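A.B. asks: First the structure, then my questions, so here it is.
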Amino acid sequence: MTTTLIAAAAAAWGLARLEAADIETARLDVEVLLAHALRTDRASLIAHAERRLTEDEGRRFEGFVERRVLREPIAYIVGFKGFRHIDLAVDKRVLIPRPDTETLVEVVVERAAHGARVHDVGTGSGAIALALLDERPDLVVSASDASDAAVDLARANAARLGFEVPVVGSSGFPPGRFDWVVANLPYIREDEYEGLDPDVRDFEPRMALVSGADGLDAIRELIAGAPSGQKLALEHAPDQGAAVRALLASGAETVADLAGRERVTVGEAA
Ligand SMILES: C[S@@+](CC[C@H](N)C(=O)[O-])C[C@H]1O[C@@H](n2cnc3c(N)ncnc32)[C@H](O)[C@@H]1O
């Protein structure tokens, strides 16, 4: 349908298609998808709005728009997501890194001593581990995930970005000794799952999202396996701060995210 159209007309077609499907971010999405189909960036797209699409480009663009109509997240369609200062390859095997998780990275960047050994549990795409090493090259960073598919993708991201980060398959507290163990584990309650946005529920891995009746199974398993005195920094939902502090030794503190919501709890295993 968009074959041989000029870019501006293809964009108008895509916009109408996404708006008809009630995609709230239709305008931005269509620009990103068209730029991706044309293998260019959004700025050049605007500068070359009169450029005619080749047949291949038109077909690619239509395919991307139809995937978005079915609510597939943009990051899976383009295959990448920016997080902090790095770009991570992502696909449906891993959670798409969220801006919420920047708070966890900031906490560790600010607090870890020079040369500290930091381990990222539930690394997914490798987002936290790789962003930490990018921002604090002095740290000795490693990572693990209970999903073999996530381990493969995190290793591929580390290799592509040229970072030395060993990634192992492991559930809960990993083998080894660390100064800090950091984690953005799944924390959504079972009963919240059906009500999630379809972009999330129908595409992102369930095991990256949901963790038992109160959402805290994975966090509890991690803390239970940690040696006494182990420093931990744990991301959680805004209403889970008190529950996570209660799982740790006294003195644990919760840090708010940019929106002022309790987001990361820092403390020691009892
Ligand atoms: C919310 S995702 C976070 C991914 C990544 N850390 C990020 O922030 O983008 C949670 C990750 O934890 C992994 N996971 C779930 N349960 C786990 C467990 N018990 N032990 C280790 N990893 C687990 C999932 O496979 C998933 O990759």
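Each chain of the structure tokens is named A, B, ... in the order shown, its residues numbered from 1; ligands are numbered from 1 in display order.
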Give me every strand (DSSP E) residue in stretch 124-221 of chain A, going by DSSP on the backbone, as number ranges by chain.
C.D. replies: A: 140-145, 167-169, 180-183
A.B. asks: Near A:Thr123, counting only C-alpha atoms, which residues have an atom at most 9 Å away, once you skip same-chain residues fewer than 5 positions from it, shown as a PyMOL selection string?
C.D. replies: chain A and resi 128-129+143-145+150-151+154+167+183-185
A.B. asks: Please tabulate, as a Markdown table, the residues of chain A that come within 8 Å of ligand 1, each with its closest pair of atoms and the distance in Å to one decimal, counting only C-alpha atoms and all ligand atoms and ordering rows by chain, then residue number upward.
C.D. replies:
| residue | atom | partner | partner_atom_place_in_ligand_line | distance |
| --- | --- | --- | --- | --- |
| A:Val94 | CA | ligand 1 | 27 (O) | 5.6 |
| A:Leu95 | CA | ligand 1 | 2 (S) | 5.3 |
| A:Ile96 | CA | ligand 1 | 9 (O) | 5.8 |
| A:Pro97 | CA | ligand 1 | 9 (O) | 3.7 |
| A:Arg98 | CA | ligand 1 | 9 (O) | 6.3 |
| A:Thr101 | CA | ligand 1 | 8 (O) | 5.9 |
| A:Asp120 | CA | ligand 1 | 6 (N) | 7.2 |
| A:Val121 | CA | ligand 1 | 21 (C) | 5.6 |
| A:Gly122 | CA | ligand 1 | 12 (O) | 3.3 |
| A:Thr123 | CA | ligand 1 | 6 (N) | 3.9 |
| A:Gly124 | CA | ligand 1 | 27 (O) | 3.5 |
| A:Ser125 | CA | ligand 1 | 5 (C) | 6.0 |
| A:Gly126 | CA | ligand 1 | 5 (C) | 6.3 |
| A:Ala127 | CA | ligand 1 | 9 (O) | 5.3 |
| A:Ile128 | CA | ligand 1 | 6 (N) | 5.9 |
| A:Ser144 | CA | ligand 1 | 21 (C) | 6.5 |
| A:Asp145 | CA | ligand 1 | 22 (N) | 4.0 |
| A:Ala146 | CA | ligand 1 | 22 (N) | 4.1 |
| A:Ser147 | CA | ligand 1 | 25 (O) | 4.6 |
| A:Ala150 | CA | ligand 1 | 27 (O) | 5.8 |
| A:Ser170 | CA | ligand 1 | 21 (C) | 5.9 |
| A:Ser171 | CA | ligand 1 | 20 (N) | 3.5 |
| A:Gly172 | CA | ligand 1 | 20 (N) | 4.0 |
| A:Phe173 | CA | ligand 1 | 20 (N) | 7.3 |
| A:Ala183 | CA | ligand 1 | 6 (N) | 6.3 |
| A:Asn184 | CA | ligand 1 | 6 (N) | 4.8 |
| A:Leu185 | CA | ligand 1 | 10 (C) | 4.1 |
| A:Pro186 | CA | ligand 1 | 1 (C) | 4.3 |
| A:Tyr187 | CA | ligand 1 | 1 (C) | 7.2 |
| A:Pro205 | CA | ligand 1 | 25 (O) | 7.6 |
| A:Met207 | CA | ligand 1 | 15 (C) | 5.3 |
| A:Ala208 | CA | ligand 1 | 26 (C) | 3.8 |
| A:Leu209 | CA | ligand 1 | 1 (C) | 5.4 |
| A:Ser211 | CA | ligand 1 | 16 (N) | 7.3 |
| A:Asp217 | CA | ligand 1 | 19 (N) | 7.8 |
| A:Ala218 | CA | ligand 1 | 19 (N) | 4.6 |
| A:Ile219 | CA | ligand 1 | 19 (N) | 7.6 |
| A:Glu221 | CA | ligand 1 | 19 (N) | 6.7 |
| A:Leu222 | CA | ligand 1 | 19 (N) | 7.1 |
A.B. asks: Report the distance between atom CA of A:Glu19 and atom CA of A:Tyr193 in Å, rounded to one decimal place.
C.D. replies: 25.8 Å
A.B. asks: Just want the 7 Å neighbourhood of A:Ala8, counted on only C-alpha atoms, with same-chain residues fewer than 4 positions away dropped. Output as a PDB file with N, CA, C and O atoms, in the first residue's frame.
C.D. replies:
ATOM      1  N   ALA A  12       1.671   9.650   6.636  1.00  0.00           N
ATOM      2  CA  ALA A  12       0.258   9.977   6.858  1.00  0.00           C
ATOM      3  C   ALA A  12      -0.580   8.700   6.879  1.00  0.00           C
ATOM      4  O   ALA A  12      -1.482   8.532   7.717  1.00  0.00           O
ATOM      5  N   ALA A  49      11.249  14.603   3.308  1.00  0.00           N
ATOM      6  CA  ALA A  49       9.854  14.150   3.310  1.00  0.00           C
ATOM      7  C   ALA A  49       9.341  13.831   1.908  1.00  0.00           C
ATOM      8  O   ALA A  49       8.362  13.096   1.746  1.00  0.00           O
ATOM      9  N   GLU A  50      10.012  14.365   0.873  1.00  0.00           N
ATOM     10  CA  GLU A  50       9.554  14.144  -0.507  1.00  0.00           C
ATOM     11  C   GLU A  50      10.189  12.900  -1.134  1.00  0.00           C
ATOM     12  O   GLU A  50       9.904  12.557  -2.279  1.00  0.00           O
TER      13      GLU A  50
END
A.B. asks: Here is a test: counting only C-alpha atoms, which residue of A:Asp257, A:Asp29, A:Glu194, A:Asp138 is nearest to A:Glu66?
C.D. replies: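 Among A:Asp257, A:Asp29, A:Glu194, A:Asp138, it is A:Asp29 that comes nearest to A:Glu66.
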A.B. asks: A:Ala75: which residues within 12 Å, counting only C-alpha atoms, same-chain residues fewer than 3 positions away excluded, as a PyMOL selection string?
C.D. replies: chain A and resi 29+32-33+36+64+67-68+71-72+78-83+87-92+94-98+199-200+203-204
A.B. asks: Determine which residues of stretch 125-219 of chain A DSSP labels as alpha helix (DSSP H) from the backbone of this structure, then write them out as a PyMOL selection string.
C.D. replies: chain A and resi 127-135+148-161+198-201+217-219
A.B. asks: Write out the residues from the selection above, keeping C-alpha atoms, as a PDB file, in the first residue's frame.
C.D. replies:
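So the final result, stored in part-v9.pdb, reads:
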ATOM      1  CA  ALA A 127      20.718  -3.293  30.987  1.00  0.00           C
ATOM      2  CA  ILE A 128      21.795  -2.620  34.577  1.00  0.00           C
ATOM      3  CA  ALA A 129      25.093  -4.510  34.451  1.00  0.00           C
ATOM      4  CA  LEU A 130      26.186  -2.920  31.173  1.00  0.00           C
ATOM      5  CA  ALA A 131      25.048   0.609  32.089  1.00  0.00           C
ATOM      6  CA  LEU A 132      26.970   0.311  35.373  1.00  0.00           C
ATOM      7  CA  LEU A 133      30.166  -0.725  33.648  1.00  0.00           C
ATOM      8  CA  ASP A 134      29.683   1.993  31.047  1.00  0.00           C
ATOM      9  CA  GLU A 135      29.396   4.659  33.754  1.00  0.00           C
ATOM     10  CA  ASP A 148      18.654 -19.107  29.501  1.00  0.00           C
ATOM     11  CA  ALA A 149      17.297 -16.976  26.653  1.00  0.00           C
ATOM     12  CA  ALA A 150      17.984 -13.797  28.639  1.00  0.00           C
ATOM     13  CA  VAL A 151      21.506 -15.033  29.455  1.00  0.00           C
ATOM     14  CA  ASP A 152      22.161 -15.473  25.701  1.00  0.00           C
ATOM     15  CA  LEU A 153      20.911 -11.989  24.883  1.00  0.00           C
ATOM     16  CA  ALA A 154      22.784 -10.303  27.761  1.00  0.00           C
ATOM     17  CA  ARG A 155      25.998 -12.029  26.629  1.00  0.00           C
ATOM     18  CA  ALA A 156      25.398 -10.858  23.061  1.00  0.00           C
ATOM     19  CA  ASN A 157      24.831  -7.286  24.260  1.00  0.00           C
ATOM     20  CA  ALA A 158      28.003  -7.370  26.352  1.00  0.00           C
ATOM     21  CA  ALA A 159      30.019  -8.660  23.374  1.00  0.00           C
ATOM     22  CA  ARG A 160      28.527  -6.108  20.950  1.00  0.00           C
ATOM     23  CA  LEU A 161      29.286  -3.231  23.337  1.00  0.00           C
ATOM     24  CA  PRO A 198      -1.654  -5.335  26.310  1.00  0.00           C
ATOM     25  CA  ASP A 199       1.683  -4.009  24.954  1.00  0.00           C
ATOM     26  CA  VAL A 200       3.262  -5.433  28.107  1.00  0.00           C
ATOM     27  CA  ARG A 201       1.060  -8.449  28.910  1.00  0.00           C
ATOM     28  CA  ASP A 217       8.635 -14.130  45.589  1.00  0.00           C
ATOM     29  CA  ALA A 218      11.794 -13.465  43.544  1.00  0.00           C
ATOM     30  CA  ILE A 219      13.015 -10.707  45.891  1.00  0.00           C
TER      31      ILE A 219
END
A.B. asks: Can you tell me which residues surround stretch 230-241 of chain A at a distance of at most 7 Å, considering only C-alpha atoms, apart from same-chain residues fewer than 4 positions away, and format the answer as JSON, numbers by chain?
C.D. replies: {"A": [104, 179, 180, 181, 182, 183, 184, 187, 226, 245, 254, 261, 262, 263, 264, 265, 266, 267, 268, 269]}
